[in-house]
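Undergrad: Structure in structure tokens, see below.
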Amino acid sequence: MNIWIAMAGVLTSVAAASALLWHWRARNRMYARLVAGQADVADLERVELDVGRPREARSLASAFAATRLIRIDQFVGPATLARLRDEALSGIPHMDHSFIPLHKKGNTLSYEQILRRAPHLVAFYYSRSLRQWVSIVTGTTVRTTPLRDQSSLSVLCYRDSGDHINWHYDHNFYRGRHFTVLLALVNRSASGGPSQSRLERQLPDGTAQTVDMPENTLVVFEGSRVRHRVTPTGPGDLRVILSMTYCDDPHTGYLKELVRRVKDTAFFGIRAIWD
């Protein structure tokens with residue numbers, strides 16, 4: 001009897017693993033179809049980088065090498081900013097809400113939802129000009145992170161009083177270096193000024209340094225080396241951030257992939273483990 005129970009357990013495990021593998025492969029094919037469907041919109045040369053010229057990127061490279069974080073104002077042109085903002089705001093009803101006591105509260109539009117609903121956000125993330133600019137700043141040739149990584153491209157929305165994320169690192173689950181790129185699309189209070197919510201980094205002496213992010217500010221940082229947080233919103237605040245991740249080697253192992261999926265449950269719920 002024990003042998004039959006053991007065999008049944010093995011067969012059940014194999015069947016579950018096979019079903020999960022089939023599901024992951026089907027999801028990857030779905031992502032690939034969604035990306036291919038953006039081809040008409042993802043005209044890489046249409047993205048306007050007001051300050052994205054190589055000379056200005058090179059001037060920031062030494063600062064990035066020293067601090068692992070740079071910020072730059074008025075990054076894109078008005079038309080590009082308007083398109084990105086409109087698509088991000090239209091995605092609010094489709095966001096995942098998350099609340100982890102003492103760590104995080106907020107809303108996130110996943111990569112999958114962006115692929116379905118926001119072609120200009122996809123075009124911006126994939127744009128050759130943006131990737132070249134980030135490559136110059138970081139000193140390494142960057143690539144987009146994998147389709148299955150829901151955090152590769154997402155919209156972070158802090159709109160309810162107390163929305164925040166506590167001190168953390170953006171852990172690197174890939175073989176190469178990994179970078180987080182944030183573009184502020186909306187950052188305002190009910191009175192019209194900037195929101196109460198602030199991006200802060202922790203300095204070596206343990207103190208917090210505010211990273212100002214008015215609308216149309218771009219921030220690039222190496223999240224695995226920069227401990228950071230977003231302070232709570234106040235009543236009437238709205239803070240909408242386009243979050244993009246790039247790396248110079250997107251390969252990963254099975255264990256790291258599993259850990260990454262567990263991490264993503266903080267943003268997208270338990271489904272992140274199998275999706």
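Scheme for the structure tokens: letters A, B, ... for chains in order shown; per-chain residue numbers from 1; ligand numbers from 1 in order shown.
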For stretch 169-257 of chain A against stretch 137-160 of chain A, with a cut-off of 8 Å and counting only C-alpha atoms, what is the closest atom pair and its distance in Å to one decimal for every residue that makes the cut, ordered by chain and number, as CSV?

TA:
```
residue,atom,partner,partner_atom,distance
A:Thr233,CA,A:Tyr158,CA,6.7
A:Gly234,CA,A:Asp160,CA,7.5
A:Pro235,CA,A:Asp160,CA,6.9
A:Gly236,CA,A:Arg159,CA,7.3
A:Asp237,CA,A:Arg159,CA,5.8
A:Leu238,CA,A:Arg159,CA,4.6
A:Arg239,CA,A:Tyr158,CA,5.0
A:Val240,CA,A:Cys157,CA,4.6
A:Ile241,CA,A:Leu156,CA,5.1
A:Leu242,CA,A:Val155,CA,4.7
A:Ser243,CA,A:Ser154,CA,5.3
A:Met244,CA,A:Leu153,CA,4.7
A:Thr245,CA,A:Ser152,CA,5.0
A:Tyr246,CA,A:Thr144,CA,4.8
A:Cys247,CA,A:Val142,CA,5.1
A:Asp248,CA,A:Val142,CA,4.5
A:Asp249,CA,A:Arg143,CA,7.4
A:Pro250,CA,A:Thr145,CA,5.8
```

Undergrad: For A:Thr80, which residue among A:Ser98, A:Ser197, A:Asn216, A:Ser59 is the nearest when counting only C-alpha atoms?

TA: A:Asn216

Undergrad: Please determine, counting only C-alpha atoms, which residue among A:Glu56, A:Glu215, A:Asp205, A:Asp170 has the shortest atom-to-atom distance to A:Leu183.

TA: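 That would be A:Glu215, the residue with the smallest distance to A:Leu183.
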
Undergrad: What lies within 10 Å of A:His168 using only C-alpha atoms, ignoring chain neighbours under 6 positions off, as JSON, numbers by chain?

TA: {"A": [103, 201, 202, 223, 224, 226, 227, 228, 229, 230]}

Undergrad: Convert the current residue selection to file output with N, CA and C atoms, as a PDB file, in the first residue's frame.

TA:
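Once everything was written out, this is result-v3.pdb:
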```
ATOM      1  N   HIS A 103       4.954  47.233   5.112  1.00  0.00           N
ATOM      2  CA  HIS A 103       5.856  47.249   3.949  1.00  0.00           C
ATOM      3  C   HIS A 103       5.309  48.032   2.757  1.00  0.00           C
ATOM      4  N   ARG A 201      16.314  57.805  -0.865  1.00  0.00           N
ATOM      5  CA  ARG A 201      17.355  56.792  -0.850  1.00  0.00           C
ATOM      6  C   ARG A 201      18.085  56.856   0.487  1.00  0.00           C
ATOM      7  N   GLN A 202      18.619  55.732   0.924  1.00  0.00           N
ATOM      8  CA  GLN A 202      19.360  55.710   2.175  1.00  0.00           C
ATOM      9  C   GLN A 202      20.850  55.886   1.880  1.00  0.00           C
ATOM     10  N   GLY A 223      19.100  49.275  -8.430  1.00  0.00           N
ATOM     11  CA  GLY A 223      18.288  48.997  -7.254  1.00  0.00           C
ATOM     12  C   GLY A 223      18.871  48.002  -6.279  1.00  0.00           C
ATOM     13  N   SER A 224      19.727  47.100  -6.756  1.00  0.00           N
ATOM     14  CA  SER A 224      20.321  46.128  -5.849  1.00  0.00           C
ATOM     15  C   SER A 224      21.394  46.753  -4.970  1.00  0.00           C
ATOM     16  N   VAL A 226      21.089  50.316  -4.159  1.00  0.00           N
ATOM     17  CA  VAL A 226      20.514  51.547  -3.610  1.00  0.00           C
ATOM     18  C   VAL A 226      19.280  51.184  -2.792  1.00  0.00           C
ATOM     19  N   ARG A 227      19.367  51.326  -1.488  1.00  0.00           N
ATOM     20  CA  ARG A 227      18.204  51.075  -0.621  1.00  0.00           C
ATOM     21  C   ARG A 227      17.308  52.304  -0.681  1.00  0.00           C
ATOM     22  N   HIS A 228      16.012  52.096  -0.910  1.00  0.00           N
ATOM     23  CA  HIS A 228      15.126  53.227  -1.159  1.00  0.00           C
ATOM     24  C   HIS A 228      13.714  52.923  -0.667  1.00  0.00           C
ATOM     25  N   ARG A 229      12.915  53.979  -0.609  1.00  0.00           N
ATOM     26  CA  ARG A 229      11.521  53.836  -0.202  1.00  0.00           C
ATOM     27  C   ARG A 229      10.707  54.954  -0.835  1.00  0.00           C
ATOM     28  N   VAL A 230       9.377  54.822  -0.774  1.00  0.00           N
ATOM     29  CA  VAL A 230       8.461  55.888  -1.170  1.00  0.00           C
ATOM     30  C   VAL A 230       7.603  56.207   0.043  1.00  0.00           C
TER      31      VAL A 230
END
```

Undergrad: So the first atom is atom CA of A:His164 and the second is atom CA of A:Arg117; what is the distance between them in Å, to one decimal place?

TA: 25.3 Å
